[in-house]
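*Asks:* The file below is entry.txt, compact mmCIF, C-alpha atoms:
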```txt
# COMPACT_ATOMS: atom_id res chain seq x y z
CA MET A 178 69.19 116.71 92.29
CA LEU A 179 68.77 115.44 88.78
CA TYR A 180 69.09 111.64 88.52
CA LEU A 181 70.41 110.29 85.27
CA PHE A 182 70.67 106.80 83.87
CA LEU A 183 72.87 103.91 84.98
CA ILE A 184 75.77 103.14 82.69
CA LEU A 185 77.90 100.02 82.55
CA LEU A 186 81.48 100.75 83.58
CA ASN A 187 83.01 97.30 83.50
CA THR A 188 81.71 93.76 83.37
CA ILE A 189 83.55 91.14 85.36
CA ALA A 190 82.29 87.67 84.50
CA PHE A 191 83.50 84.85 86.72
CA ALA A 192 82.15 81.37 86.43
CA GLU A 193 80.10 80.45 89.48
CA PRO A 194 82.13 77.82 91.38
CA LYS A 195 80.53 74.58 92.42
CA GLN A 196 79.18 74.74 95.93
CA SER A 197 81.41 73.19 98.57
CA THR A 198 82.45 74.08 102.08
CA GLU A 199 85.86 75.34 100.96
CA GLN A 200 84.54 77.39 98.06
CA PHE A 201 81.86 78.89 100.27
CA LEU A 202 84.31 79.86 103.00
CA ILE A 203 86.68 81.75 100.70
CA ARG A 204 83.88 84.18 99.97
CA GLN A 205 83.68 85.16 103.65
CA LYS A 206 85.75 87.60 105.64
CA PRO A 207 88.27 85.84 107.88
CA THR A 208 86.92 84.83 111.28
CA LEU A 209 89.25 86.29 113.90
CA SER A 210 89.26 86.14 117.67
CA THR A 211 90.41 89.78 117.86
CA LYS A 212 87.49 92.17 118.26
CA HIS A 213 89.10 95.32 116.85
CA TYR A 214 90.72 95.17 113.44
CA THR A 215 90.96 96.90 110.07
CA LEU A 216 92.28 95.72 106.71
CA TYR A 217 93.06 98.79 104.61
CA ASP A 218 94.18 99.37 101.03
CA PRO A 219 95.94 102.77 101.06
CA GLU A 220 96.18 103.13 97.28
CA THR A 221 92.42 103.04 96.83
CA ASP A 222 91.61 104.38 100.33
CA THR A 223 89.39 101.35 100.92
CA VAL A 224 88.61 99.32 104.01
CA LEU A 225 88.40 95.70 102.86
CA ALA A 226 87.44 94.17 106.20
CA ALA A 227 86.83 95.58 109.68
CA ILE A 228 85.28 94.96 113.07
CA ASN A 229 84.76 97.84 115.52
CA GLN A 230 87.20 99.89 113.43
CA ASP A 231 86.15 103.25 114.90
CA GLU A 232 85.98 102.21 118.54
CA SER A 233 88.61 103.97 120.66
CA VAL A 234 90.72 101.57 122.72
CA PRO A 235 94.21 101.47 124.27
CA ILE A 236 96.94 100.95 121.66
CA ALA A 237 100.12 100.46 123.71
CA SER A 238 103.32 101.02 121.69
CA LEU A 239 101.48 101.60 118.42
CA THR A 240 101.56 105.11 119.88
CA LYS A 241 105.17 105.25 118.72
CA LEU A 242 103.95 105.35 115.12
CA MET A 243 102.75 108.88 115.76
CA SER A 244 105.83 109.76 117.79
CA MET A 245 108.06 108.70 114.91
CA TYR A 246 105.82 110.43 112.38
CA VAL A 247 106.36 113.71 114.24
CA VAL A 248 110.12 113.13 114.42
CA SER A 249 110.34 112.28 110.71
CA ASP A 250 108.35 115.38 109.80
CA THR A 251 110.55 117.55 112.01
CA ILE A 252 113.64 116.17 110.25
CA SER A 253 112.08 116.67 106.80
CA LYS A 254 111.42 120.34 107.60
CA GLY A 255 115.05 120.89 108.60
CA PHE A 256 114.42 121.71 112.26
CA ILE A 257 116.63 118.83 113.41
CA ASN A 258 119.13 116.53 111.74
CA ALA A 259 119.08 112.74 111.96
CA ASP A 260 122.79 112.79 112.88
CA ASP A 261 122.29 115.20 115.80
CA LYS A 262 123.26 113.80 119.18
CA ILE A 263 120.85 114.06 122.10
CA LYS A 264 121.86 114.11 125.75
CA ILE A 265 119.80 111.51 127.58
CA SER A 266 117.88 112.93 130.54
CA HIS A 267 117.21 111.21 133.84
CA LYS A 268 113.51 110.90 132.97
CA ALA A 269 114.22 109.30 129.59
CA ALA A 270 116.76 106.84 130.96
CA LYS A 271 114.43 105.75 133.77
CA THR A 272 111.23 105.43 131.69
CA GLY A 273 109.64 102.07 132.45
CA GLY A 274 108.55 99.32 130.09
CA SER A 275 110.48 98.14 127.04
CA ARG A 276 113.86 99.81 126.67
CA MET A 277 116.71 100.50 124.30
CA PHE A 278 118.99 100.77 127.39
CA VAL A 279 120.35 104.26 126.93
CA ASN A 280 122.37 105.68 129.83
CA GLU A 281 121.59 108.93 131.62
CA GLY A 282 123.95 111.72 130.54
CA SER A 283 125.15 109.90 127.42
CA TYR A 284 124.81 111.30 123.90
CA VAL A 285 122.92 109.27 121.32
CA THR A 286 122.09 110.21 117.71
CA ILE A 287 118.52 110.70 116.55
CA ASN A 288 119.10 107.91 114.02
CA GLU A 289 119.98 105.45 116.76
CA LEU A 290 117.09 106.57 118.94
CA MET A 291 114.58 106.18 116.11
CA ASP A 292 115.79 102.64 115.47
CA GLY A 293 115.62 101.94 119.19
CA ALA A 294 112.07 103.28 119.42
CA ILE A 295 110.84 101.34 116.38
CA ILE A 296 112.73 98.04 116.53
CA SER A 297 113.30 97.65 120.28
CA SER A 298 110.14 99.64 121.10
CA GLY A 299 112.28 101.55 123.58
CA ASN A 300 110.28 103.85 125.83
CA ASP A 301 113.56 105.45 126.91
CA ALA A 302 114.48 106.25 123.29
CA THR A 303 111.00 107.58 122.53
CA THR A 304 110.98 109.83 125.58
CA ALA A 305 114.42 111.22 124.68
CA LEU A 306 113.20 112.06 121.17
CA ALA A 307 110.02 113.63 122.55
CA GLU A 308 112.01 115.86 124.91
CA HIS A 309 114.36 116.92 122.13
CA VAL A 310 111.64 117.77 119.60
CA GLY A 311 109.05 119.20 121.98
CA GLY A 312 111.21 120.67 124.73
CA ASN A 313 109.56 118.24 127.13
CA GLU A 314 107.32 115.23 126.70
CA GLU A 315 104.15 117.12 127.63
CA SER A 316 104.66 119.66 124.83
CA PHE A 317 105.52 116.86 122.39
CA VAL A 318 102.25 115.10 123.22
CA GLY A 319 100.42 118.32 122.32
CA ILE A 320 102.17 118.22 118.94
CA MET A 321 101.11 114.58 118.51
CA ASN A 322 97.47 115.50 119.10
CA ASP A 323 97.75 118.39 116.62
CA TYR A 324 99.05 115.97 113.99
CA ALA A 325 96.22 113.56 114.79
CA LYS A 326 93.72 116.31 113.93
CA GLN A 327 95.56 117.22 110.73
CA LEU A 328 95.55 113.59 109.60
CA ASN A 329 91.83 113.21 110.43
CA LEU A 330 92.42 110.60 113.12
CA ASN A 331 89.05 111.28 114.66
CA HIS A 332 89.10 108.55 117.30
CA THR A 333 92.59 109.21 118.65
CA HIS A 334 93.98 111.06 121.68
CA PHE A 335 97.44 110.87 123.21
CA MET A 336 98.61 111.43 126.78
CA ASN A 337 102.21 110.29 126.37
CA SER A 338 104.72 109.53 123.62
CA THR A 339 105.25 105.86 124.45
CA GLY A 340 101.83 104.20 124.82
CA LEU A 341 101.91 103.50 128.55
CA ASP A 342 98.37 102.97 129.84
CA ASN A 343 96.26 106.05 130.52
CA LEU A 344 92.46 106.32 130.47
CA ASP A 345 92.61 109.29 128.08
CA HIS A 346 95.14 107.67 125.75
CA TYR A 347 93.51 105.76 122.89
CA SER A 348 93.04 105.26 119.16
CA SER A 349 91.14 102.98 116.78
CA SER A 350 92.21 100.34 114.30
CA HIS A 351 91.07 102.52 111.39
CA ASP A 352 93.00 105.54 112.67
CA ILE A 353 96.14 103.44 113.07
CA ALA A 354 95.72 102.14 109.52
CA LEU A 355 95.48 105.71 108.22
CA LEU A 356 98.51 106.77 110.26
CA SER A 357 100.48 103.78 108.95
CA SER A 358 99.62 104.80 105.40
CA HIS A 359 100.94 108.31 106.06
CA ILE A 360 104.18 106.94 107.49
CA ILE A 361 104.72 104.83 104.37
CA ASN A 362 103.80 107.53 101.85
CA ASP A 363 104.96 110.74 103.54
CA PHE A 364 108.41 109.61 104.69
CA PRO A 365 109.58 106.76 102.45
CA LYS A 366 113.23 107.37 103.39
CA ASP A 367 112.45 106.42 107.00
CA PHE A 368 110.18 103.50 106.23
CA TYR A 369 113.05 101.00 105.98
CA ARG A 370 113.39 101.18 109.76
CA TYR A 371 110.10 99.34 110.30
CA LYS A 372 111.22 96.12 108.59
CA GLN A 373 114.58 95.74 110.37
CA LYS A 374 114.64 92.52 112.36
CA TYR A 375 117.32 93.40 114.90
CA HIS A 376 118.78 96.39 116.70
CA THR A 377 121.99 96.43 118.71
CA PHE A 378 122.89 99.19 121.16
CA ASN A 379 125.31 99.15 124.11
CA LYS A 380 126.24 95.59 123.01
CA ILE A 381 122.64 94.52 123.63
CA LYS A 382 120.97 92.90 120.64
CA GLN A 383 117.17 92.99 120.54
CA HIS A 384 114.84 91.52 117.95
CA ASN A 385 111.82 93.14 116.35
CA ARG A 386 108.69 91.76 118.02
CA ASN A 387 106.82 91.66 114.71
CA LYS A 388 107.02 87.90 114.05
CA LEU A 389 105.60 88.30 110.56
CA LEU A 390 108.89 89.78 109.36
CA TRP A 391 110.36 86.26 109.64
CA GLN A 392 107.35 84.45 108.22
CA ASN A 393 106.61 86.29 104.98
CA GLU A 394 109.01 88.09 102.66
CA HIS A 395 106.26 90.47 101.59
CA ILE A 396 105.81 91.83 105.13
CA ASP A 397 107.86 95.01 105.60
CA GLY A 398 106.53 96.63 108.77
CA LEU A 399 105.30 98.17 110.97
CA LYS A 400 104.96 98.03 114.77
CA THR A 401 103.86 95.92 117.71
CA GLY A 402 102.54 96.92 121.11
CA PHE A 403 101.52 95.42 124.43
CA THR A 404 100.27 96.54 127.83
CA SER A 405 98.00 94.78 130.27
CA LYS A 406 95.08 97.04 129.33
CA ALA A 407 95.72 97.22 125.58
CA GLY A 408 96.47 93.56 125.06
CA TYR A 409 98.61 92.55 122.10
CA CYS A 410 98.49 94.99 119.19
CA LEU A 411 100.01 94.98 115.72
CA ALA A 412 100.07 97.23 112.68
CA ALA A 413 101.38 95.07 109.82
CA THR A 414 101.87 95.89 106.17
CA SER A 415 102.73 93.89 103.07
CA ILE A 416 103.43 94.61 99.44
CA ASP A 417 103.06 91.92 96.76
CA ASP A 418 104.85 91.36 93.47
CA GLU A 419 102.38 93.66 91.71
CA LYS A 420 103.25 96.47 94.19
CA THR A 421 99.84 96.33 95.84
CA ARG A 422 100.15 97.35 99.47
CA LEU A 423 97.83 96.35 102.29
CA ILE A 424 97.77 97.39 105.95
CA ALA A 425 96.29 95.22 108.71
CA VAL A 426 95.75 96.57 112.22
CA VAL A 427 94.86 94.24 115.08
CA LEU A 428 94.13 95.62 118.55
CA GLY A 429 93.61 93.77 121.82
CA ALA A 430 94.64 90.25 120.82
CA LYS A 431 95.04 87.79 123.69
CA ASN A 432 98.67 86.87 122.95
CA GLU A 433 101.55 87.33 120.50
CA ARG A 434 100.62 84.31 118.43
CA VAL A 435 97.03 85.42 117.93
CA ARG A 436 97.94 88.96 116.91
CA ALA A 437 100.40 87.64 114.32
CA GLU A 438 97.99 85.01 112.99
CA ASP A 439 95.08 87.44 112.79
CA ALA A 440 97.12 90.09 110.98
CA GLN A 441 98.47 87.47 108.58
CA ALA A 442 94.96 86.18 107.92
CA LEU A 443 93.76 89.69 107.06
CA LEU A 444 96.66 90.36 104.70
CA ARG A 445 96.21 86.97 103.04
CA TYR A 446 92.48 87.59 102.60
CA GLY A 447 93.07 90.98 100.99
CA SER A 448 95.75 89.78 98.58
CA ARG A 449 93.90 86.63 97.48
CA PHE A 450 90.33 87.81 97.14
CA PHE A 451 90.57 91.39 95.84
CA LYS A 452 92.10 92.97 92.79
CA HIS A 453 92.49 96.50 91.54
CA SER A 454 90.51 97.78 88.60
CA THR A 455 90.99 101.18 87.01
CA LEU A 456 88.72 103.79 85.51
CA LYS A 457 90.97 105.70 83.11
CA HIS A 458 90.94 109.47 83.15
CA SER A 459 90.65 109.35 79.37
CA GLN A 460 87.37 107.43 79.58
CA SER A 461 84.28 109.58 79.19
CA ILE A 462 81.43 108.50 81.46
CA ALA A 463 78.91 110.59 79.50
CA ASP A 464 78.57 113.96 77.83
CA ALA A 465 76.00 116.73 77.80
CA LYS A 466 75.01 119.83 75.91
CA VAL A 467 76.44 123.11 77.15
CA TRP A 468 74.29 126.17 76.54
CA TYR A 469 76.21 128.79 74.55
CA GLY A 470 79.15 126.37 74.43
CA SER A 471 81.51 125.65 71.58
CA SER A 472 81.43 121.92 72.40
CA ARG A 473 79.72 119.37 74.62
CA ALA A 474 80.92 118.71 78.17
CA ASN A 475 82.50 115.32 78.86
CA PHE A 476 81.98 113.79 82.32
CA GLY A 477 84.52 111.60 84.09
CA VAL A 478 87.52 111.79 86.42
CA LEU A 479 90.68 113.88 86.02
CA ASN A 480 93.10 111.15 87.15
CA ASP A 481 93.05 107.38 86.81
CA LEU A 482 90.77 106.02 89.53
CA LYS A 483 91.70 102.70 91.12
CA TYR A 484 89.19 100.70 93.11
CA ASN A 485 88.97 97.23 94.62
CA VAL A 486 86.86 94.46 93.15
CA PRO A 487 86.11 91.18 94.96
CA ILE A 488 87.31 88.54 92.50
CA PHE A 489 84.95 85.81 93.76
CA SER A 490 81.73 87.46 92.65
CA ASN A 491 79.53 87.00 89.60
CA ASP A 492 77.92 90.42 89.88
CA THR A 493 78.85 93.00 87.28
CA VAL A 494 80.47 96.25 88.29
CA ASN A 495 78.31 99.23 87.40
CA ALA A 496 78.70 102.96 87.56
CA ASN A 497 75.91 105.41 88.06
CA TYR A 498 76.09 109.13 88.37
CA GLN A 499 73.85 111.93 89.43
CA LEU A 500 74.23 115.59 88.61
CA ASN A 501 73.77 118.34 91.13
CA ILE A 502 73.09 120.99 88.50
CA LYS A 503 70.14 121.63 86.20
CA LYS A 504 71.98 123.21 83.31
CA LEU A 505 75.47 123.71 81.95
CA VAL A 506 76.29 127.17 80.70
CA ALA A 507 79.55 128.14 79.00
CA PRO A 508 82.28 128.86 79.81
CA ILE A 509 83.13 125.77 81.87
CA LYS A 510 86.61 124.94 83.13
CA ARG A 511 88.08 121.46 83.15
CA GLY A 512 87.75 119.99 86.63
CA THR A 513 84.43 121.64 87.46
CA ILE A 514 82.49 119.34 89.80
CA VAL A 515 79.03 118.62 88.46
CA GLY A 516 77.89 115.63 90.49
CA THR A 517 78.78 112.29 92.04
CA LEU A 518 80.07 109.08 90.48
CA LYS A 519 79.35 105.81 92.30
CA ILE A 520 80.95 102.50 91.35
CA SER A 521 79.16 99.52 92.81
CA GLN A 522 78.84 95.76 92.62
CA ALA A 523 75.38 94.46 93.46
CA ASP A 524 74.50 96.32 96.69
CA THR A 525 78.12 97.04 97.62
CA LEU A 526 79.53 100.52 97.01
CA LEU A 527 83.11 100.13 95.79
CA LYS A 528 83.98 103.78 95.25
CA GLU A 529 82.34 107.18 95.39
CA VAL A 530 84.07 110.24 93.91
CA PRO A 531 83.14 113.64 92.47
CA LEU A 532 82.05 113.64 88.84
CA VAL A 533 83.84 116.39 86.93
CA VAL A 534 83.94 117.99 83.51
CA THR A 535 87.08 116.69 81.78
CA ASN A 536 87.36 119.31 79.04
CA ASP A 537 87.32 123.10 78.78
CA VAL A 538 84.20 124.44 77.09
CA LYS A 539 84.50 127.93 75.68
CA THR A 540 81.67 130.31 74.79
CA ARG A 541 80.71 130.42 71.11
CA PHE A 542 80.62 133.60 69.07
CA TRP A 543 77.53 135.54 70.16
CA LEU A 544 75.82 135.29 66.77
CA PHE A 545 75.68 131.50 67.04
CA ASN A 546 74.09 131.71 70.47
CA ILE A 547 70.84 133.30 69.38
CA TYR A 548 69.28 129.90 68.80
CA ASP A 549 70.39 128.73 72.25
CA TRP A 550 68.90 131.86 73.83
CA PHE A 551 65.47 131.18 72.32
CA SER A 552 65.67 127.46 73.07
CA LEU A 553 66.64 128.08 76.67
CA HIS A 554 63.69 130.36 77.27
CA ILE A 555 61.30 127.91 75.62
CA HIS A 556 62.60 125.14 77.87
CA LYS A 557 62.05 127.32 80.92
CA LEU A 558 58.56 128.21 79.72
CA PHE A 559 57.48 124.58 79.46
CA ASN A 560 59.58 123.52 82.46
CA LYS A 561 61.50 120.94 80.45
CA LYS A 562 64.74 119.29 81.46
CA LEU A 563 67.73 121.35 80.40
CA ILE A 564 70.24 118.49 80.29
```
Show this structure as structure tokens.

*Replies:*
Amino acid sequence: MLYLFLILLNTIAFAEPKQSTEQFLIRQKPTLSTKHYTLYDPETDTVLAAINQDESVPIASLTKLMSMYVVSDTISKGFINADDKIKISHKAAKTGGSRMFVNEGSYVTINELMDGAIISSGNDATTALAEHVGGNEESFVGIMNDYAKQLNLNHTHFMNSTGLDNLDHYSSSHDIALLSSHIINDFPKDFYRYKQKYHTFNKIKQHNRNKLLWQNEHIDGLKTGFTSKAGYCLAATSIDDEKTRLIAVVLGAKNERVRAEDAQALLRYGSRFFKHSTLKHSQSIADAKVWYGSSRANFGVLNDLKYNVPIFSNDTVNANYQLNIKKLVAPIKRGTIVGTLKISQADTLLKEVPLVVTNDVKTRFWLFNIYDWFSLHIHKLFNKKLI
């Protein structure tokens, strides 16, 4: 590995605030009573705050996030239609826990059942959907676990579609944050369901248990959960006026109030004390000679790269890169990975991405390459650096 020099990417100069208790505290992560949480920025794929984020624990009805993800994907692929009516089985109608109150033998649309599963957290609605999509709930759970692998939810395993307690049924706050991000980004047409405050079925009106929907206009989802083993769980998401989205996942809170307060504290912390900065794709990090090439190779990123910067810090943001090659030889295609780019602030790594060549480099006419041929062999002879 050939280590090259540090280069300054961006300098963020904030005046050092006067020391006081309040100004000191705002630099700290929020102190929560919940022992499993993750604050996640999906746009930059960054965890802004976390405790025990990869520990597998019961998740109660947050399970329904995966159940609904599978249903939404099945609809998007044309295998079922949201207006299709499902006949409610005995098992679905009698499923315990929270309910939408569907009747055995009745026909209910997938649209209504999805709303009932999300807003009312109906185990009966979720089971009916699982039976319709998977043939039976057991087969549907197998599909859920397949999706978990595809989405790289490495600390997740399902045993049912609803979230009822089972020793082999678990996930982590980080996995739930990733799943929430996929729900928002992969199926935007279904995302509106998660911010609805009420659902009425069979003349029974039920409210969404996510209290934050009433407390903050920027909160627009997602799902609550509770069982005696899982405690009180919440996956909450907000989007501010600048269209910056954050996802907070709280698992195992001691009551409804705590889970709402802890999730709100995380979202508030992320929105107040972090901002996005961007490395433009047009910005060249560095360039290097290409042997036999018609031009030099420019190093950078192919697409604009967003990353989070703590706004209450006086440390400059630096970029350093290291190449994993010893020489560049034409032709080289745009997008060729040549190393690693790391953006950091003090000792904190903000972003790490592949460093690529951002321009095509063609081979020069052979007559002009004679000098390069001799130079290359001389470099090899004296074991000199080639870049």

*Asks:* Give me the residues near Lys483 (chain A) as a PyMOL selection string, where near means some atom within 8 Å (using all atoms listed in the file) and where sequence neighbours in that chain fewer than 5 positions away do not count.

*Replies:* chain A and resi 220-221+453-456

*Asks:* So which one's closest to Leu242 (chain A), A:Lys400, A:His384, A:Lys262, A:His376? Using only C-alpha atoms, please.

*Replies:* A:Lys400

*Asks:* If you count all atoms listed in the file, which residues fall within 8 Å of region 529-541 of chain A, apart from same-chain ones fewer than 2 positions away, as JSON, numbers by chain?

*Replies:* {"A": [467, 469, 470, 471, 472, 473, 474, 475, 476, 477, 478, 479, 498, 507, 508, 509, 510, 511, 512, 513, 514, 515, 516, 517, 518, 519, 520, 526, 527, 543, 545, 546]}

*Asks:* Using all atoms listed in the file, find the one residue out of A:Ile252, A:Ala269, A:Ile263, A:Ile416 that sits nearest to Tyr284 (chain A).

*Replies:* A:Ile263

*Asks:* Excluding Asp345 (chain A) and residues on its chain fewer than 4 positions from it, collect all residues at most 10 Å away from it, counting all atoms listed in the file, and give them as a CSV table (one decimal) with C-alpha atoms, in the frame of the given file.

*Replies:*
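Writing done, so here's around15.csv:
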```csv
chain,number,residue,atom,x,y,z
A,233,SER,CA,88.6,104.0,120.7
A,234,VAL,CA,90.7,101.6,122.7
A,235,PRO,CA,94.2,101.5,124.3
A,333,THR,CA,92.6,109.2,118.6
A,334,HIS,CA,94.0,111.1,121.7
A,335,PHE,CA,97.4,110.9,123.2
A,336,MET,CA,98.6,111.4,126.8
A,337,ASN,CA,102.2,110.3,126.4
```

*Asks:* List the spatial neighbours of Asn280 (chain A) as a PyMOL selection string - criterion: any atom at most 10 Å away, only C-alpha atoms, same-chain residues fewer than 2 positions off excluded.

*Replies:* chain A and resi 264-267+269-271+277-278+282-285+301+379
